[in-house]
Amino acid sequence: MISTRSAWRERISAIASLDDEMRRRLFAYLRQAQDAVGRDEAARAMGIPRSTASFHLDRLVRAGLAVVEFRKQADKGGPGSGRPAKFYRPALNEVVASVPERQYDVAGDLLAAVVARSLPGRVPVGEALLEVAEARGREFGRPGDVAGALADVGYEPAPQEDGGYRLLNCPFHQLSQDHPDVVCAMNAAFLKGTATASGLAADSVRPDPGPGHCCARIDAPGHRPEEAHDSAVPDHRDR
């Protein structure tokens, strides 16, 4: 199944598979069907041979856009009637990918959770933002592999000579242009959660202001810069 957590290349591949008009039509048909669809039914609906329907349905499965289930068909008799038949259903209702990789669905889900946490009035919005973002970041952590965790989310971590990582991409780029104070604070807390869940110290996440990259970086374990970093949230409107 293609999801937010799926590799970016898998989502790009899924979208690329829909370049074929017949596969787009079949995917749309699967999505609007009330139940899993058999090859005979799909062939009739599309007006194509059964073998052609089977080929394109299996391509949708390989792309992660459809899943297969097997059922016995009670309405068929004769030789071979007891064998389970192949049916298809959509693996998801939408596929989202961008170049470079963005995670606006993650940001939207996170900010909705912040509102839900704050609405009862017991938690200030700013506090809820940091709590929820850090907790969500921990879900993406990879023990012992912070670079892999960051790559999964789309930060494009670039190893530095000091052992840390500069983050070449901001998964929340456009939001950070329009709402830098909120989104950069959210991003820093999210990275803190990802870093700690991957085995790094919370203070390994440092501000990294400047154009062309994320507003934060990951310092190497034990790294202590000679000069204190500015703790203010950077304004990166020019990125």
# chains A, B, ... in the order shown; residues from 1 in each chain; ligands from 1
$ residues_around --residues "Ala151 in chain A" --least-positions-apart "5" --cutoff "12 Å" --atoms "only C-alpha atoms" --output "list in words"
Arg5, Ser6, Ala7, Trp8, Arg9, Glu101, Arg102, Phe140, Gly141, Arg142, Asp145, Val146, Glu156, Pro157, Ala158, Pro159, Tyr165, Arg166, Leu167, Leu168, Asn169, Cys170, Pro171, Leu191 and Thr194 of chain A
$ select_by_dssp --residues "range 19-211 of chain A" --states "helix (DSSP H, G or I)" --output "ChimeraX atom specification"
/A:21-32,39-46,50-62,104-118,125-139,146-153,173-178,180-197,202-204
$ residues_around --residues "range 43-50 of chain A" --least-positions-apart "4" --cutoff "12 Å" --atoms "only C-alpha atoms" --output "list in words"
Glu21, Met22, Arg23, Arg24, Arg25, Leu26, Phe27, Ala28, Tyr29, Leu30, Ala33, Val37, Gly38, Arg39, Ser54, Phe55, His56 and Leu57 of chain A
$ select_by_dssp --residues "range 9-238 of chain A" --states "strand (DSSP E or B)" --output "list in words"
Val37, Gly38, Ala66, Val67, Val68, Glu69, Phe70, Arg71, Ala85, Lys86, Phe87, Tyr88, Arg89, Pro90, Pro157, Ala158, Pro159, Tyr165, Arg166, Leu167, Val205, Arg206, Pro207, Ala216, Arg217 and Ile218 of chain A
$ write_last_selection --atoms "N, CA and C atoms" --output "PDB file, in the first residue's frame"
ATOM      1  N   VAL A  37     -13.285  -6.548  -7.348  1.00  0.00           N
ATOM      2  CA  VAL A  37     -13.666  -6.745  -8.754  1.00  0.00           C
ATOM      3  C   VAL A  37     -12.869  -7.897  -9.346  1.00  0.00           C
ATOM      4  N   GLY A  38     -13.562  -8.805 -10.048  1.00  0.00           N
ATOM      5  CA  GLY A  38     -12.897  -9.902 -10.741  1.00  0.00           C
ATOM      6  C   GLY A  38     -12.441  -9.488 -12.126  1.00  0.00           C
ATOM      7  N   ALA A  66      -3.309  -1.426  -6.012  1.00  0.00           N
ATOM      8  CA  ALA A  66      -4.385  -2.400  -5.822  1.00  0.00           C
ATOM      9  C   ALA A  66      -3.853  -3.590  -5.034  1.00  0.00           C
ATOM     10  N   VAL A  67      -4.764  -4.287  -4.399  1.00  0.00           N
ATOM     11  CA  VAL A  67      -4.420  -5.511  -3.678  1.00  0.00           C
ATOM     12  C   VAL A  67      -5.292  -6.644  -4.200  1.00  0.00           C
ATOM     13  N   VAL A  68      -4.805  -7.859  -4.019  1.00  0.00           N
ATOM     14  CA  VAL A  68      -5.495  -9.049  -4.528  1.00  0.00           C
ATOM     15  C   VAL A  68      -6.088  -9.846  -3.381  1.00  0.00           C
ATOM     16  N   GLU A  69      -7.245 -10.396  -3.606  1.00  0.00           N
ATOM     17  CA  GLU A  69      -7.804 -11.380  -2.682  1.00  0.00           C
ATOM     18  C   GLU A  69      -8.383 -12.512  -3.513  1.00  0.00           C
ATOM     19  N   PHE A  70      -8.461 -13.689  -2.916  1.00  0.00           N
ATOM     20  CA  PHE A  70      -8.945 -14.872  -3.626  1.00  0.00           C
ATOM     21  C   PHE A  70     -10.243 -15.353  -2.993  1.00  0.00           C
ATOM     22  N   ARG A  71     -11.221 -15.680  -3.857  1.00  0.00           N
ATOM     23  CA  ARG A  71     -12.522 -16.167  -3.399  1.00  0.00           C
ATOM     24  C   ARG A  71     -12.985 -17.305  -4.296  1.00  0.00           C
ATOM     25  N   ALA A  85     -10.932 -17.716  -7.234  1.00  0.00           N
ATOM     26  CA  ALA A  85     -10.694 -16.759  -8.316  1.00  0.00           C
ATOM     27  C   ALA A  85     -10.023 -15.508  -7.747  1.00  0.00           C
ATOM     28  N   LYS A  86      -9.359 -14.786  -8.628  1.00  0.00           N
ATOM     29  CA  LYS A  86      -8.602 -13.603  -8.244  1.00  0.00           C
ATOM     30  C   LYS A  86      -9.493 -12.369  -8.334  1.00  0.00           C
ATOM     31  N   PHE A  87      -9.514 -11.600  -7.244  1.00  0.00           N
ATOM     32  CA  PHE A  87     -10.281 -10.360  -7.217  1.00  0.00           C
ATOM     33  C   PHE A  87      -9.358  -9.220  -6.793  1.00  0.00           C
ATOM     34  N   TYR A  88      -9.744  -8.011  -7.194  1.00  0.00           N
ATOM     35  CA  TYR A  88      -8.911  -6.834  -6.953  1.00  0.00           C
ATOM     36  C   TYR A  88      -9.720  -5.747  -6.266  1.00  0.00           C
ATOM     37  N   ARG A  89      -9.063  -5.055  -5.350  1.00  0.00           N
ATOM     38  CA  ARG A  89      -9.659  -3.872  -4.735  1.00  0.00           C
ATOM     39  C   ARG A  89      -8.584  -2.800  -4.600  1.00  0.00           C
ATOM     40  N   PRO A  90      -8.968  -1.532  -4.559  1.00  0.00           N
ATOM     41  CA  PRO A  90      -7.956  -0.464  -4.463  1.00  0.00           C
ATOM     42  C   PRO A  90      -7.223  -0.533  -3.124  1.00  0.00           C
ATOM     43  N   PRO A 157      19.096  14.226   3.965  1.00  0.00           N
ATOM     44  CA  PRO A 157      20.243  14.496   4.831  1.00  0.00           C
ATOM     45  C   PRO A 157      21.567  14.339   4.087  1.00  0.00           C
ATOM     46  N   ALA A 158      22.416  15.356   4.190  1.00  0.00           N
ATOM     47  CA  ALA A 158      23.733  15.328   3.549  1.00  0.00           C
ATOM     48  C   ALA A 158      24.791  15.238   4.642  1.00  0.00           C
ATOM     49  N   PRO A 159      25.605  14.164   4.683  1.00  0.00           N
ATOM     50  CA  PRO A 159      26.629  14.022   5.718  1.00  0.00           C
ATOM     51  C   PRO A 159      27.635  15.171   5.658  1.00  0.00           C
ATOM     52  N   TYR A 165      24.552  16.227   9.950  1.00  0.00           N
ATOM     53  CA  TYR A 165      23.834  16.222   8.676  1.00  0.00           C
ATOM     54  C   TYR A 165      23.217  17.590   8.416  1.00  0.00           C
ATOM     55  N   ARG A 166      23.470  18.132   7.262  1.00  0.00           N
ATOM     56  CA  ARG A 166      22.703  19.279   6.777  1.00  0.00           C
ATOM     57  C   ARG A 166      21.494  18.713   6.037  1.00  0.00           C
ATOM     58  N   LEU A 167      20.343  19.307   6.231  1.00  0.00           N
ATOM     59  CA  LEU A 167      19.103  18.823   5.643  1.00  0.00           C
ATOM     60  C   LEU A 167      18.788  19.675   4.416  1.00  0.00           C
ATOM     61  N   VAL A 205      19.563  18.570  17.460  1.00  0.00           N
ATOM     62  CA  VAL A 205      18.839  19.376  16.468  1.00  0.00           C
ATOM     63  C   VAL A 205      19.185  20.840  16.710  1.00  0.00           C
ATOM     64  N   ARG A 206      19.774  21.469  15.717  1.00  0.00           N
ATOM     65  CA  ARG A 206      20.240  22.852  15.851  1.00  0.00           C
ATOM     66  C   ARG A 206      19.678  23.725  14.732  1.00  0.00           C
ATOM     67  N   PRO A 207      19.452  25.017  15.015  1.00  0.00           N
ATOM     68  CA  PRO A 207      19.038  25.930  13.937  1.00  0.00           C
ATOM     69  C   PRO A 207      20.114  26.008  12.855  1.00  0.00           C
ATOM     70  N   ALA A 216      16.892  23.706  10.036  1.00  0.00           N
ATOM     71  CA  ALA A 216      17.580  23.016  11.128  1.00  0.00           C
ATOM     72  C   ALA A 216      18.562  22.007  10.552  1.00  0.00           C
ATOM     73  N   ARG A 217      19.489  21.576  11.385  1.00  0.00           N
ATOM     74  CA  ARG A 217      20.451  20.548  11.007  1.00  0.00           C
ATOM     75  C   ARG A 217      20.574  19.567  12.157  1.00  0.00           C
ATOM     76  N   ILE A 218      21.279  18.471  11.928  1.00  0.00           N
ATOM     77  CA  ILE A 218      21.522  17.481  12.965  1.00  0.00           C
ATOM     78  C   ILE A 218      23.010  17.454  13.263  1.00  0.00           C
TER      79      ILE A 218
END
$ atom_distance --atom1 "CA of Ala63 in chain A" --atom2 "CA of Leu110 in chain A"
27.7 Å
$ closest_residue --among "A:Val183, A:Leu111, A:Ala220, A:Cys215" --to "Ala128 in chain A" --atoms "only C-alpha atoms"
A:Leu111
$ atom_distance --atom1 "CA of Val114 in chain A" --atom2 "CA of Cys214 in chain A"
22.2 Å
$ atom_distance --atom1 "CA of Asp19 in chain A" --atom2 "CA of Gln32 in chain A"
19.5 Å
$ closest_residue --among "A:Gly108, A:Ala195, A:Ala42, A:Gly64" --to "Leu150 in chain A" --atoms "only C-alpha atoms"
A:Ala195
$ closest_residue --among "A:Leu129, A:Leu200, A:Leu175, A:Ala147" --to "Ala188 in chain A" --atoms "only C-alpha atoms"
A:Leu129
$ decode --residues "range 195-210 of chain A" --atoms "all heavy atoms" --output "short mmCIF file (atom, residue, chain, number, x, y, z; two decimals), in the first residue's frame"
data_model
loop_
_atom_site.label_atom_id
_atom_site.label_comp_id
_atom_site.auth_asym_id
_atom_site.auth_seq_id
_atom_site.Cartn_x
_atom_site.Cartn_y
_atom_site.Cartn_z
N ALA A 195 14.98 12.51 15.97
CA ALA A 195 16.37 12.30 16.40
C ALA A 195 16.44 11.46 17.67
O ALA A 195 17.23 10.51 17.77
CB ALA A 195 17.06 13.64 16.61
N THR A 196 15.62 11.80 18.68
CA THR A 196 15.69 11.06 19.94
C THR A 196 15.21 9.62 19.76
O THR A 196 15.78 8.71 20.35
CB THR A 196 14.85 11.76 21.02
OG1 THR A 196 13.51 11.96 20.55
CG2 THR A 196 15.45 13.11 21.38
N ALA A 197 14.20 9.41 18.92
CA ALA A 197 13.74 8.04 18.66
C ALA A 197 14.77 7.24 17.88
O ALA A 197 14.74 6.01 17.88
CB ALA A 197 12.42 8.06 17.91
N SER A 198 15.69 7.94 17.22
CA SER A 198 16.75 7.28 16.46
C SER A 198 18.02 7.10 17.29
O SER A 198 19.02 6.60 16.79
CB SER A 198 17.06 8.07 15.19
OG SER A 198 15.92 8.18 14.35
N GLY A 199 17.98 7.56 18.55
CA GLY A 199 19.11 7.33 19.44
C GLY A 199 20.02 8.52 19.67
O GLY A 199 21.05 8.39 20.32
N LEU A 200 19.66 9.71 19.17
CA LEU A 200 20.47 10.90 19.38
C LEU A 200 19.92 11.73 20.53
O LEU A 200 18.77 11.57 20.94
CB LEU A 200 20.51 11.76 18.11
CG LEU A 200 21.13 11.12 16.86
CD1 LEU A 200 21.16 12.14 15.73
CD2 LEU A 200 22.52 10.58 17.14
N ALA A 201 20.74 12.64 21.04
CA ALA A 201 20.30 13.55 22.09
C ALA A 201 19.37 14.60 21.51
O ALA A 201 19.46 14.95 20.32
CB ALA A 201 21.50 14.22 22.74
N ALA A 202 18.48 15.11 22.34
CA ALA A 202 17.52 16.11 21.88
C ALA A 202 18.22 17.36 21.36
O ALA A 202 17.75 18.00 20.41
CB ALA A 202 16.56 16.47 23.01
N ASP A 203 19.38 17.71 21.97
CA ASP A 203 20.05 18.94 21.55
C ASP A 203 20.90 18.75 20.30
O ASP A 203 21.64 19.66 19.91
CB ASP A 203 20.89 19.53 22.68
CG ASP A 203 22.03 18.61 23.12
OD1 ASP A 203 22.18 17.52 22.53
OD2 ASP A 203 22.77 18.98 24.06
N SER A 204 20.80 17.59 19.66
CA SER A 204 21.50 17.41 18.38
C SER A 204 20.81 18.17 17.25
O SER A 204 21.40 18.38 16.19
CB SER A 204 21.59 15.92 18.02
OG SER A 204 20.30 15.37 17.83
N VAL A 205 19.56 18.57 17.46
CA VAL A 205 18.84 19.38 16.47
C VAL A 205 19.18 20.84 16.71
O VAL A 205 18.93 21.38 17.79
CB VAL A 205 17.32 19.16 16.58
CG1 VAL A 205 16.58 20.02 15.56
CG2 VAL A 205 16.97 17.69 16.38
N ARG A 206 19.77 21.47 15.72
CA ARG A 206 20.24 22.85 15.85
C ARG A 206 19.68 23.73 14.73
O ARG A 206 19.48 23.25 13.61
CB ARG A 206 21.77 22.89 15.77
CG ARG A 206 22.49 22.10 16.83
CD ARG A 206 22.52 22.83 18.14
NE ARG A 206 23.34 22.14 19.13
CZ ARG A 206 23.69 22.66 20.29
NH1 ARG A 206 23.30 23.87 20.60
NH2 ARG A 206 24.43 21.97 21.14
N PRO A 207 19.45 25.02 15.01
CA PRO A 207 19.04 25.93 13.94
C PRO A 207 20.11 26.01 12.85
O PRO A 207 21.30 25.94 13.15
CB PRO A 207 18.89 27.27 14.66
CG PRO A 207 18.69 26.92 16.10
CD PRO A 207 19.49 25.68 16.33
N ASP A 208 19.68 26.11 11.63
CA ASP A 208 20.62 26.21 10.50
C ASP A 208 20.04 27.20 9.49
O ASP A 208 19.61 26.81 8.40
CB ASP A 208 20.83 24.84 9.87
CG ASP A 208 21.95 24.83 8.85
OD1 ASP A 208 22.78 25.77 8.86
OD2 ASP A 208 22.01 23.90 8.02
N PRO A 209 19.99 28.48 9.83
CA PRO A 209 19.36 29.47 8.95
C PRO A 209 20.13 29.64 7.65
O PRO A 209 21.33 29.40 7.59
CB PRO A 209 19.39 30.76 9.78
CG PRO A 209 20.52 30.57 10.73
CD PRO A 209 20.56 29.10 11.05
N GLY A 210 19.41 30.04 6.64
CA GLY A 210 20.04 30.28 5.34
C GLY A 210 19.19 29.73 4.22
O GLY A 210 18.33 28.88 4.42
#
